[in-house]
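Heads up, input_37.pdb below (PDB, C-alpha atoms, pLDDT in the B column):
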```
MODEL        1
ATOM      1  CA  MET U   1    -116.170 -12.032 147.013  1.00 32.00           C
ATOM      2  CA  ILE U   2    -118.015  -9.446 144.921  1.00 40.00           C
ATOM      3  CA  TYR U   3    -115.830  -6.606 143.743  1.00 42.00           C
ATOM      4  CA  ASP U   4    -117.528  -3.226 143.863  1.00 50.00           C
ATOM      5  CA  ILE U   5    -116.570  -1.282 140.741  1.00 57.00           C
ATOM      6  CA  CYS U   6    -118.250   1.867 141.970  1.00 67.00           C
ATOM      7  CA  GLY U   7    -115.772   4.673 142.421  1.00 57.00           C
ATOM      8  CA  GLY U   8    -115.055   7.316 144.976  1.00 54.00           C
ATOM      9  CA  ASP U   9    -115.074   7.443 148.730  1.00 52.00           C
ATOM     10  CA  ASP U  10    -118.108   6.447 150.710  1.00 53.00           C
ATOM     11  CA  ALA U  11    -120.281   9.542 151.002  1.00 56.00           C
ATOM     12  CA  ASP U  12    -123.708  10.503 152.203  1.00 63.00           C
ATOM     13  CA  TYR U  13    -126.542  10.216 149.730  1.00 72.00           C
ATOM     14  CA  LEU U  14    -127.073  13.572 148.006  1.00 85.00           C
ATOM     15  CA  GLU U  15    -130.032  15.039 146.148  1.00 90.00           C
ATOM     16  CA  ALA U  16    -130.089  18.450 144.504  1.00 92.00           C
ATOM     17  CA  GLY U  17    -132.245  20.471 142.153  1.00 93.00           C
ATOM     18  CA  TRP U  18    -136.005  20.645 142.291  1.00 92.00           C
ATOM     19  CA  ASP U  19    -137.948  19.315 145.281  1.00 91.00           C
ATOM     20  CA  LEU U  20    -140.810  17.450 143.625  1.00 90.00           C
ATOM     21  CA  SER U  21    -142.791  17.425 146.880  1.00 89.00           C
ATOM     22  CA  LYS U  22    -142.871  21.236 146.904  1.00 87.00           C
ATOM     23  CA  THR U  23    -143.859  22.105 143.365  1.00 88.00           C
ATOM     24  CA  ASN U  24    -147.205  22.134 141.617  1.00 90.00           C
ATOM     25  CA  LYS U  25    -145.653  21.365 138.242  1.00 91.00           C
ATOM     26  CA  ALA U  26    -146.479  18.011 136.681  1.00 91.00           C
ATOM     27  CA  LYS U  27    -143.901  15.334 137.528  1.00 91.00           C
ATOM     28  CA  GLU U  28    -143.664  14.441 133.843  1.00 91.00           C
ATOM     29  CA  LEU U  29    -141.950  17.788 133.222  1.00 93.00           C
ATOM     30  CA  PHE U  30    -138.891  16.751 135.243  1.00 95.00           C
ATOM     31  CA  VAL U  31    -135.891  14.513 134.624  1.00 95.00           C
ATOM     32  CA  VAL U  32    -134.246  12.556 137.428  1.00 95.00           C
ATOM     33  CA  ILE U  33    -130.578  11.705 136.856  1.00 95.00           C
ATOM     34  CA  THR U  34    -129.279   9.076 139.272  1.00 93.00           C
ATOM     35  CA  ASP U  35    -125.738   7.823 139.873  1.00 91.00           C
ATOM     36  CA  SER U  36    -125.929   4.037 139.623  1.00 87.00           C
ATOM     37  CA  CYS U  37    -123.334   3.632 142.387  1.00 84.00           C
ATOM     38  CA  ASP U  38    -124.033   6.043 145.232  1.00 84.00           C
ATOM     39  CA  LYS U  39    -127.632   6.841 144.171  1.00 87.00           C
ATOM     40  CA  THR U  40    -126.966  10.578 144.197  1.00 91.00           C
ATOM     41  CA  LYS U  41    -129.792  12.345 142.335  1.00 94.00           C
ATOM     42  CA  VAL U  42    -130.174  15.560 140.377  1.00 96.00           C
ATOM     43  CA  ILE U  43    -133.705  16.666 139.471  1.00 96.00           C
ATOM     44  CA  GLY U  44    -134.089  19.233 136.700  1.00 96.00           C
ATOM     45  CA  LEU U  45    -136.963  20.844 134.841  1.00 96.00           C
ATOM     46  CA  ILE U  46    -136.894  19.767 131.193  1.00 96.00           C
ATOM     47  CA  GLU U  47    -136.578  22.643 128.736  1.00 95.00           C
ATOM     48  CA  SER U  48    -135.824  20.576 125.633  1.00 95.00           C
ATOM     49  CA  TRP U  49    -134.253  17.300 124.638  1.00 92.00           C
ATOM     50  CA  GLY U  50    -133.200  15.394 121.534  1.00 93.00           C
ATOM     51  CA  VAL U  51    -131.956  11.943 120.627  1.00 91.00           C
ATOM     52  CA  THR U  52    -129.835  10.537 117.805  1.00 92.00           C
ATOM     53  CA  VAL U  53    -129.902   6.908 116.682  1.00 90.00           C
ATOM     54  CA  ASN U  54    -127.114   6.384 114.174  1.00 91.00           C
ATOM     55  CA  SER U  55    -126.418   3.261 112.121  1.00 91.00           C
ATOM     56  CA  SER U  56    -123.300   2.898 109.998  1.00 90.00           C
ATOM     57  CA  TRP U  57    -123.650   1.678 106.419  1.00 90.00           C
ATOM     58  CA  GLU U  58    -120.954   1.177 103.823  1.00 84.00           C
ATOM     59  CA  ALA U  59    -121.150   0.798 100.073  1.00 78.00           C
ATOM     60  CA  LYS U  60    -120.324  -2.719  98.929  1.00 69.00           C
ATOM     61  CA  MET U  61    -118.177  -1.202  96.192  1.00 65.00           C
ATOM     62  CA  ALA U  62    -115.727  -0.084  98.878  1.00 54.00           C
ATOM     63  CA  GLN U  63    -115.140  -3.753  99.730  1.00 52.00           C
ATOM     64  CA  ASP U  64    -115.354  -5.101  96.212  1.00 52.00           C
ATOM     65  CA  ASN U  65    -113.233  -2.704  94.221  1.00 51.00           C
ATOM     66  CA  ILE U  66    -111.557  -4.407  91.322  1.00 49.00           C
ATOM     67  CA  ASP U  67    -109.302  -1.379  90.825  1.00 51.00           C
ATOM     68  CA  GLU U  68    -107.487  -2.287  94.035  1.00 52.00           C
ATOM     69  CA  LYS U  69    -106.264  -5.443  92.300  1.00 49.00           C
ATOM     70  CA  MET U  70    -106.111  -4.220  88.703  1.00 50.00           C
ATOM     71  CA  PRO U  71    -106.483  -0.429  88.305  1.00 58.00           C
ATOM     72  CA  PHE U  72    -107.398  -0.736  84.628  1.00 58.00           C
ATOM     73  CA  THR U  73    -110.336   1.682  84.696  1.00 58.00           C
ATOM     74  CA  SER U  74    -108.353   4.291  86.611  1.00 61.00           C
ATOM     75  CA  ILE U  75    -105.600   4.124  84.046  1.00 61.00           C
ATOM     76  CA  LEU U  76    -108.070   4.548  81.225  1.00 57.00           C
ATOM     77  CA  GLN U  77    -109.875   7.448  82.925  1.00 56.00           C
ATOM     78  CA  THR U  78    -106.640   9.360  83.407  1.00 58.00           C
ATOM     79  CA  GLY U  79    -105.242   8.595  79.976  1.00 54.00           C
ATOM     80  CA  GLY U  80    -102.326   6.675  81.403  1.00 55.00           C
ATOM     81  CA  LEU U  81    -102.213   4.357  78.393  1.00 55.00           C
ATOM     82  CA  GLY U  82    -101.827   7.189  75.959  1.00 53.00           C
ATOM     83  CA  GLN U  83     -98.228   6.198  75.162  1.00 54.00           C
ATOM     84  CA  VAL U  84     -99.012   2.584  74.224  1.00 54.00           C
ATOM     85  CA  VAL U  85    -102.494   2.583  72.684  1.00 60.00           C
ATOM     86  CA  ASP U  86    -104.313   4.709  70.196  1.00 63.00           C
ATOM     87  CA  SER U  87    -105.255   8.079  71.671  1.00 67.00           C
ATOM     88  CA  GLU U  88    -108.796   7.846  70.279  1.00 71.00           C
ATOM     89  CA  LEU U  89    -109.276   4.567  72.157  1.00 66.00           C
ATOM     90  CA  VAL U  90    -108.082   6.182  75.382  1.00 65.00           C
ATOM     91  CA  GLU U  91    -110.503   9.073  74.881  1.00 69.00           C
ATOM     92  CA  ALA U  92    -113.327   6.583  74.383  1.00 71.00           C
ATOM     93  CA  PHE U  93    -112.698   5.086  77.836  1.00 67.00           C
ATOM     94  CA  LYS U  94    -112.300   8.352  79.710  1.00 67.00           C
ATOM     95  CA  GLY U  95    -115.009   9.091  82.272  1.00 68.00           C
ATOM     96  CA  ARG U  96    -116.317   5.503  82.317  1.00 68.00           C
ATOM     97  CA  THR U  97    -116.566   3.045  85.208  1.00 70.00           C
ATOM     98  CA  HIS U  98    -116.722  -0.727  85.585  1.00 69.00           C
ATOM     99  CA  PHE U  99    -118.924  -0.569  88.698  1.00 71.00           C
ATOM    100  CA  THR U 100    -122.386  -2.108  88.525  1.00 76.00           C
ATOM    101  CA  LYS U 101    -125.516  -1.131  90.457  1.00 79.00           C
ATOM    102  CA  ALA U 102    -125.222  -4.227  92.645  1.00 78.00           C
ATOM    103  CA  GLN U 103    -121.808  -3.061  93.802  1.00 75.00           C
ATOM    104  CA  THR U 104    -123.298   0.157  95.176  1.00 78.00           C
ATOM    105  CA  ARG U 105    -125.661  -1.635  97.559  1.00 82.00           C
ATOM    106  CA  GLN U 106    -125.272  -0.396 101.157  1.00 87.00           C
ATOM    107  CA  ILE U 107    -124.108  -2.935 103.744  1.00 88.00           C
ATOM    108  CA  TRP U 108    -124.964  -2.398 107.412  1.00 90.00           C
ATOM    109  CA  THR U 109    -121.791  -2.471 109.535  1.00 88.00           C
ATOM    110  CA  ALA U 110    -122.621  -1.162 113.035  1.00 89.00           C
ATOM    111  CA  ILE U 111    -124.885   0.930 115.221  1.00 90.00           C
ATOM    112  CA  ALA U 112    -123.507   3.633 117.480  1.00 90.00           C
ATOM    113  CA  PRO U 113    -124.640   4.102 121.073  1.00 92.00           C
ATOM    114  CA  LEU U 114    -127.615   6.397 121.562  1.00 90.00           C
ATOM    115  CA  SER U 115    -126.726  10.081 121.840  1.00 93.00           C
ATOM    116  CA  PHE U 116    -128.846  12.571 123.802  1.00 92.00           C
ATOM    117  CA  THR U 117    -128.891  16.282 124.329  1.00 95.00           C
ATOM    118  CA  LEU U 118    -130.889  17.646 127.227  1.00 96.00           C
ATOM    119  CA  GLU U 119    -131.445  21.185 128.467  1.00 96.00           C
ATOM    120  CA  VAL U 120    -132.687  21.535 132.034  1.00 96.00           C
ATOM    121  CA  SER U 121    -133.324  24.483 134.303  1.00 94.00           C
ATOM    122  CA  PHE U 122    -132.841  24.889 138.030  1.00 93.00           C
ATOM    123  CA  VAL U 123    -134.692  27.536 140.026  1.00 90.00           C
ATOM    124  CA  ALA U 124    -134.044  28.623 143.609  1.00 86.00           C
ATOM    125  CA  ILE U 125    -137.272  28.493 145.576  1.00 86.00           C
ATOM    126  CA  GLN U 126    -135.877  28.068 149.079  1.00 84.00           C
ATOM    127  CA  SER U 127    -132.144  27.371 148.806  1.00 81.00           C
ATOM    128  CA  PRO U 128    -130.048  28.640 145.850  1.00 78.00           C
ATOM    129  CA  VAL U 129    -127.094  26.590 147.083  1.00 80.00           C
ATOM    130  CA  ASN U 130    -128.877  23.248 146.906  1.00 85.00           C
ATOM    131  CA  GLU U 131    -131.455  23.927 144.222  1.00 90.00           C
ATOM    132  CA  VAL U 132    -129.170  25.592 141.660  1.00 89.00           C
ATOM    133  CA  ILE U 133    -125.454  25.657 142.470  1.00 87.00           C
ATOM    134  CA  GLY U 134    -125.434  22.268 144.202  1.00 89.00           C
ATOM    135  CA  ALA U 135    -127.314  20.646 141.314  1.00 93.00           C
ATOM    136  CA  ILE U 136    -124.792  21.917 138.763  1.00 92.00           C
ATOM    137  CA  GLN U 137    -121.869  20.767 140.882  1.00 92.00           C
ATOM    138  CA  LEU U 138    -123.374  17.285 141.253  1.00 94.00           C
ATOM    139  CA  LEU U 139    -123.795  17.065 137.486  1.00 96.00           C
ATOM    140  CA  GLN U 140    -120.169  18.078 137.002  1.00 94.00           C
ATOM    141  CA  ARG U 141    -119.130  15.428 139.527  1.00 92.00           C
ATOM    142  CA  MET U 142    -121.161  12.798 137.638  1.00 93.00           C
ATOM    143  CA  ALA U 143    -119.149  13.599 134.498  1.00 94.00           C
ATOM    144  CA  SER U 144    -115.772  13.578 136.280  1.00 92.00           C
ATOM    145  CA  PRO U 145    -113.381  10.722 137.098  1.00 89.00           C
ATOM    146  CA  VAL U 146    -111.330  10.128 140.229  1.00 84.00           C
ATOM    147  CA  ILE U 147    -107.675  10.394 139.194  1.00 82.00           C
ATOM    148  CA  LYS U 148    -104.825   9.825 141.614  1.00 76.00           C
ATOM    149  CA  GLU U 149    -102.030  12.365 141.846  1.00 73.00           C
ATOM    150  CA  ASP U 150     -99.252   9.820 141.409  1.00 69.00           C
ATOM    151  CA  LEU U 151     -98.386   6.150 141.728  1.00 64.00           C
ATOM    152  CA  ILE U 152     -97.339   5.128 145.207  1.00 62.00           C
ATOM    153  CA  ASP U 153     -94.771   2.500 146.132  1.00 59.00           C
ATOM    154  CA  SER U 154     -97.421  -0.187 146.588  1.00 62.00           C
ATOM    155  CA  TYR U 155     -98.273  -0.103 142.881  1.00 67.00           C
ATOM    156  CA  LYS U 156     -96.183  -3.150 142.103  1.00 71.00           C
ATOM    157  CA  THR U 157     -97.768  -5.034 144.985  1.00 69.00           C
ATOM    158  CA  VAL U 158    -101.287  -4.136 143.871  1.00 70.00           C
ATOM    159  CA  LEU U 159    -100.475  -5.063 140.282  1.00 73.00           C
ATOM    160  CA  GLN U 160     -99.061  -8.409 141.373  1.00 74.00           C
ATOM    161  CA  GLU U 161    -102.154  -9.085 143.488  1.00 71.00           C
ATOM    162  CA  THR U 162    -104.329  -8.281 140.502  1.00 71.00           C
ATOM    163  CA  ILE U 163    -102.389 -10.643 138.240  1.00 75.00           C
ATOM    164  CA  ASN U 164    -102.499 -13.385 140.863  1.00 75.00           C
ATOM    165  CA  GLY U 165    -106.210 -12.779 141.298  1.00 71.00           C
ATOM    166  CA  ILE U 166    -106.856 -13.173 137.587  1.00 70.00           C
ATOM    167  CA  ARG U 167    -104.944 -16.440 137.571  1.00 74.00           C
ATOM    168  CA  SER U 168    -106.723 -17.812 140.637  1.00 72.00           C
ATOM    169  CA  GLY U 169    -110.172 -16.515 139.768  1.00 68.00           C
ATOM    170  CA  THR U 170    -110.352 -14.132 142.715  1.00 69.00           C
ATOM    171  CA  VAL U 171    -110.169 -10.374 142.922  1.00 66.00           C
ATOM    172  CA  PRO U 172    -107.836  -8.212 144.980  1.00 63.00           C
ATOM    173  CA  ASP U 173    -109.170  -6.478 148.042  1.00 65.00           C
ATOM    174  CA  ALA U 174    -111.131  -3.396 146.962  1.00 65.00           C
ATOM    175  CA  GLY U 175    -109.732  -1.364 149.825  1.00 65.00           C
ATOM    176  CA  THR U 176    -106.202  -2.070 148.644  1.00 63.00           C
ATOM    177  CA  LEU U 177    -107.010  -0.990 145.101  1.00 67.00           C
ATOM    178  CA  ASN U 178    -108.695   2.167 146.369  1.00 67.00           C
ATOM    179  CA  THR U 179    -105.400   3.384 147.789  1.00 67.00           C
ATOM    180  CA  ILE U 180    -103.797   3.613 144.362  1.00 68.00           C
ATOM    181  CA  LEU U 181    -106.194   3.248 141.442  1.00 73.00           C
ATOM    182  CA  GLY U 182    -108.685   5.861 140.307  1.00 77.00           C
ATOM    183  CA  TYR U 183    -112.114   5.490 138.752  1.00 82.00           C
ATOM    184  CA  ILE U 184    -113.817   6.455 135.544  1.00 86.00           C
ATOM    185  CA  PRO U 185    -117.185   8.285 135.810  1.00 89.00           C
ATOM    186  CA  ASN U 186    -120.042   6.084 136.984  1.00 89.00           C
ATOM    187  CA  GLU U 187    -122.934   4.964 134.829  1.00 91.00           C
ATOM    188  CA  LEU U 188    -126.223   6.832 135.237  1.00 93.00           C
ATOM    189  CA  THR U 189    -129.911   6.154 134.961  1.00 91.00           C
ATOM    190  CA  VAL U 190    -131.972   8.922 133.395  1.00 93.00           C
ATOM    191  CA  ASP U 191    -135.659   8.915 134.279  1.00 91.00           C
ATOM    192  CA  LEU U 192    -136.788  10.388 130.996  1.00 89.00           C
ATOM    193  CA  PHE U 193    -134.946   8.364 128.396  1.00 83.00           C
ATOM    194  CA  ASP U 194    -135.818   5.196 130.332  1.00 79.00           C
ATOM    195  CA  LYS U 195    -139.449   5.788 129.422  1.00 80.00           C
ATOM    196  CA  TYR U 196    -138.522   5.061 125.820  1.00 83.00           C
ATOM    197  CA  TYR U 197    -135.372   2.940 125.987  1.00 83.00           C
ATOM    198  CA  SER U 198    -135.205   0.006 128.394  1.00 78.00           C
ATOM    199  CA  ASN U 199    -132.178  -1.824 129.807  1.00 77.00           C
ATOM    200  CA  VAL U 200    -129.888   1.096 128.958  1.00 82.00           C
ATOM    201  CA  LYS U 201    -127.337   2.904 131.128  1.00 87.00           C
ATOM    202  CA  TYR U 202    -125.825   6.257 130.251  1.00 92.00           C
ATOM    203  CA  ILE U 203    -122.680   8.285 130.745  1.00 94.00           C
ATOM    204  CA  LEU U 204    -122.691  12.061 131.029  1.00 96.00           C
ATOM    205  CA  THR U 205    -120.215  13.469 128.523  1.00 96.00           C
ATOM    206  CA  ASP U 206    -120.832  17.211 128.684  1.00 96.00           C
ATOM    207  CA  VAL U 207    -122.133  19.740 131.224  1.00 96.00           C
ATOM    208  CA  SER U 208    -122.212  23.335 130.015  1.00 94.00           C
ATOM    209  CA  PHE U 209    -123.919  26.639 130.766  1.00 89.00           C
ATOM    210  CA  THR U 210    -123.371  30.302 130.017  1.00 82.00           C
ATOM    211  CA  ASP U 211    -124.014  33.614 131.715  1.00 73.00           C
ATOM    212  CA  ALA U 212    -126.813  34.211 129.229  1.00 59.00           C
ATOM    213  CA  ASP U 213    -128.771  31.408 130.888  1.00 61.00           C
ATOM    214  CA  MET U 214    -128.147  32.715 134.417  1.00 67.00           C
ATOM    215  CA  LEU U 215    -130.390  34.812 136.637  1.00 67.00           C
ATOM    216  CA  LEU U 216    -128.665  36.346 139.665  1.00 65.00           C
ATOM    217  CA  HIS U 217    -130.099  37.754 142.866  1.00 60.00           C
ATOM    218  CA  HIS U 218    -129.536  41.519 142.599  1.00 55.00           C
ATOM    219  CA  GLU U 219    -127.965  41.831 146.055  1.00 55.00           C
ATOM    220  CA  SER U 220    -126.161  38.574 146.837  1.00 54.00           C
ATOM    221  CA  ARG U 221    -125.257  37.829 143.199  1.00 56.00           C
ATOM    222  CA  THR U 222    -126.225  34.254 143.953  1.00 62.00           C
ATOM    223  CA  SER U 223    -127.557  32.280 141.004  1.00 66.00           C
ATOM    224  CA  ILE U 224    -131.299  31.813 141.469  1.00 81.00           C
ATOM    225  CA  LYS U 225    -132.025  30.377 138.015  1.00 86.00           C
ATOM    226  CA  GLN U 226    -129.747  28.554 135.625  1.00 90.00           C
ATOM    227  CA  ASN U 227    -130.221  26.625 132.392  1.00 92.00           C
ATOM    228  CA  VAL U 228    -127.741  23.792 131.836  1.00 95.00           C
ATOM    229  CA  SER U 229    -127.053  21.855 128.629  1.00 96.00           C
ATOM    230  CA  LEU U 230    -126.213  18.174 129.045  1.00 97.00           C
ATOM    231  CA  SER U 231    -124.997  15.521 126.611  1.00 97.00           C
ATOM    232  CA  PHE U 232    -125.354  11.802 127.249  1.00 96.00           C
ATOM    233  CA  THR U 233    -124.429   8.639 125.435  1.00 94.00           C
ATOM    234  CA  SER U 234    -125.526   5.111 126.211  1.00 92.00           C
ATOM    235  CA  THR U 235    -122.798   2.794 127.433  1.00 90.00           C
ATOM    236  CA  THR U 236    -123.729   0.233 124.777  1.00 88.00           C
ATOM    237  CA  SER U 237    -125.639   0.153 121.527  1.00 89.00           C
ATOM    238  CA  VAL U 238    -129.280  -0.860 121.694  1.00 85.00           C
ATOM    239  CA  ASN U 239    -131.326  -3.554 120.033  1.00 86.00           C
ATOM    240  CA  LYS U 240    -134.665  -2.938 118.397  1.00 86.00           C
ATOM    241  CA  GLU U 241    -136.309  -4.656 121.380  1.00 83.00           C
ATOM    242  CA  ASP U 242    -134.794  -2.052 123.729  1.00 84.00           C
ATOM    243  CA  ILE U 243    -136.853   0.702 122.105  1.00 83.00           C
ATOM    244  CA  GLU U 244    -140.366   0.698 123.476  1.00 77.00           C
ATOM    245  CA  GLN U 245    -143.137   0.433 120.916  1.00 74.00           C
ATOM    246  CA  ILE U 246    -145.736   3.107 121.627  1.00 70.00           C
ATOM    247  CA  GLY U 247    -149.007   3.211 119.729  1.00 67.00           C
ATOM    248  CA  GLY U 248    -150.184   0.968 116.950  1.00 64.00           C
ATOM    249  CA  ARG U 249    -151.994   1.185 113.653  1.00 68.00           C
ATOM    250  CA  LEU U 250    -153.392   4.481 112.510  1.00 64.00           C
ATOM    251  CA  PRO U 251    -157.202   4.570 112.306  1.00 66.00           C
ATOM    252  CA  GLN U 252    -158.533   3.491 108.943  1.00 63.00           C
TER     253      GLN U 252
ENDMDL
END
```

Would it be possible to restate this file's structure as structure tokens?
Amino acid sequence: MIYDICGGDDADYLEAGWDLSKTNKAKELFVVITDSCDKTKVIGLIESWGVTVNSSWEAKMAQDNIDEKMPFTSILQTGGLGQVVDSELVEAFKGRTHFTKAQTRQIWTAIAPLSFTLEVSFVAIQSPVNEVIGAIQLLQRMASPVIKEDLIDSYKTVLQETINGIRSGTVPDAGTLNTILGYIPNELTVDLFDKYYSNVKYILTDVSFTDADMLLHHESRTSIKQNVSLSFTSTTSVNKEDIEQIGGRLPQ
């Protein structure tokens, strides 16, 4: 039995935002954000985007600090021996350190998941509801979990089935779990970042917009253009091999 970890009720496939078959803009100007579970898609026009690759480094001196075992230098720097040794000797040691250059060498400790910011715009050409409002709502749904209101009486039964399943190597019936347990937001594929970073899935962490980015129809007050700022992070860190190498040597 294969347990489906995708969350939410079964729903019809949805697509919102720009209709690529009805625009003369180059397809490369658009981003396609797809829910990896129900394949719901949001298509937005790219206004700007940025990416952060962050590695963590730590000075070796933080791990090899002799003062943690014998705070001799600290005592000298603060004049703490002034009562037991000659004051001139204490003054001579003030402001000095026992650290060597080798102890300041940076040691790589970790790499954070990729972080992305993306600004997209939605414009109503035929249907403001689907092309603007619906797109924003789908993005908000992609960033939202499914949380149950409360725990029902069958919780103990479901928990026991889960424990038994772990012991026996099987999984509890998904339908049974769906009656009580919620879901975290699903992973996404982003047809923009995937051009540069392979084998990577993303989670949508922020969906935001302001009135300043909104254009309303003067009569219906329906949003006919809206810019939306999105933040993503990859679900895992990436290896060097996951980042596509584009180009080669510069001409000589």

Could you list, as a VMD selection string, every residue within 8 Å of Val123 in chain U, counting all atoms listed in the file and ignoring same-chain residues fewer than 2 positions away? chain U and resid 17 to 18 121 125 128 131 to 132 224 to 226

Which residue of U:Ser127, U:Gln160, U:Ser55, U:Ser198 approaches Ala112 in chain U most closely, using only C-alpha atoms: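 Nearest candidate to Ala112 in chain U out of U:Ser127, U:Gln160, U:Ser55, U:Ser198: U:Ser55.
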
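For the choices U:Ala124, U:Ala110, U:Leu204, U:Ile166, the atom-to-atom distance to Ile33 in chain U is smallest for U:Leu204 when using only C-alpha atoms.
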
I want to know what sits within 12 Å of Lys27 in chain U, based on all atoms listed in the file, with residues of the same chain fewer than 3 positions away left out; could you give that as a PyMOL selection string? chain U and resi 18-24+30-32+43-46+191-192

Written selection (C-alpha atoms) as a PDB file, in the frame of the given file:
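File produced: again04.pdb:
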```pdb
ATOM      1  CA  TRP U  18    -136.005  20.645 142.291  1.00 92.00           C
ATOM      2  CA  ASP U  19    -137.948  19.315 145.281  1.00 91.00           C
ATOM      3  CA  LEU U  20    -140.810  17.450 143.625  1.00 90.00           C
ATOM      4  CA  SER U  21    -142.791  17.425 146.880  1.00 89.00           C
ATOM      5  CA  LYS U  22    -142.871  21.236 146.904  1.00 87.00           C
ATOM      6  CA  THR U  23    -143.859  22.105 143.365  1.00 88.00           C
ATOM      7  CA  ASN U  24    -147.205  22.134 141.617  1.00 90.00           C
ATOM      8  CA  PHE U  30    -138.891  16.751 135.243  1.00 95.00           C
ATOM      9  CA  VAL U  31    -135.891  14.513 134.624  1.00 95.00           C
ATOM     10  CA  VAL U  32    -134.246  12.556 137.428  1.00 95.00           C
ATOM     11  CA  ILE U  43    -133.705  16.666 139.471  1.00 96.00           C
ATOM     12  CA  GLY U  44    -134.089  19.233 136.700  1.00 96.00           C
ATOM     13  CA  LEU U  45    -136.963  20.844 134.841  1.00 96.00           C
ATOM     14  CA  ILE U  46    -136.894  19.767 131.193  1.00 96.00           C
ATOM     15  CA  ASP U 191    -135.659   8.915 134.279  1.00 91.00           C
ATOM     16  CA  LEU U 192    -136.788  10.388 130.996  1.00 89.00           C
TER      17      LEU U 192
END
```

Please provide as a list in words all residues within 9 Å of Leu138 in chain U, with the sequence filter that same-chain residues fewer than 6 positions apart are discarded (counting only C-alpha atoms). Leu14, Glu15, Ala16, Thr40, Lys41 and Val42 of chain U

If the PyMOL selection byres ((chain U and resi 139) around 9) is run on the structure shown, which residues does it catch, given as a PyMOL selection string? chain U and resi 33+42+134-138+140-144+204+207+230

Could you write out the selected residues, including C-alpha atoms, as a short mmCIF file (atom, residue, chain, number, x, y, z; two decimals), keeping the file's coordinate frame?
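And here is the file that came out, again-v1.cif:
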```cif
data_model
loop_
_atom_site.label_atom_id
_atom_site.label_comp_id
_atom_site.auth_asym_id
_atom_site.auth_seq_id
_atom_site.Cartn_x
_atom_site.Cartn_y
_atom_site.Cartn_z
CA ILE U 33 -130.58 11.70 136.86
CA VAL U 42 -130.17 15.56 140.38
CA GLY U 134 -125.43 22.27 144.20
CA ALA U 135 -127.31 20.65 141.31
CA ILE U 136 -124.79 21.92 138.76
CA GLN U 137 -121.87 20.77 140.88
CA LEU U 138 -123.37 17.28 141.25
CA GLN U 140 -120.17 18.08 137.00
CA ARG U 141 -119.13 15.43 139.53
CA MET U 142 -121.16 12.80 137.64
CA ALA U 143 -119.15 13.60 134.50
CA SER U 144 -115.77 13.58 136.28
CA LEU U 204 -122.69 12.06 131.03
CA VAL U 207 -122.13 19.74 131.22
CA LEU U 230 -126.21 18.17 129.04
#
```

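Reported to one decimal place, the separation of CA of Asp242 in chain U from CA of Glu28 in chain U is 21.3 Å.
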
Go through U:Glu161, U:Gly182, U:Trp108, U:Glu241 one by one, measure the shortest atom-to-atom distance of each to Tyr196 in chain U using all atoms listed in the file, and give the residue with the smallest value. U:Glu241
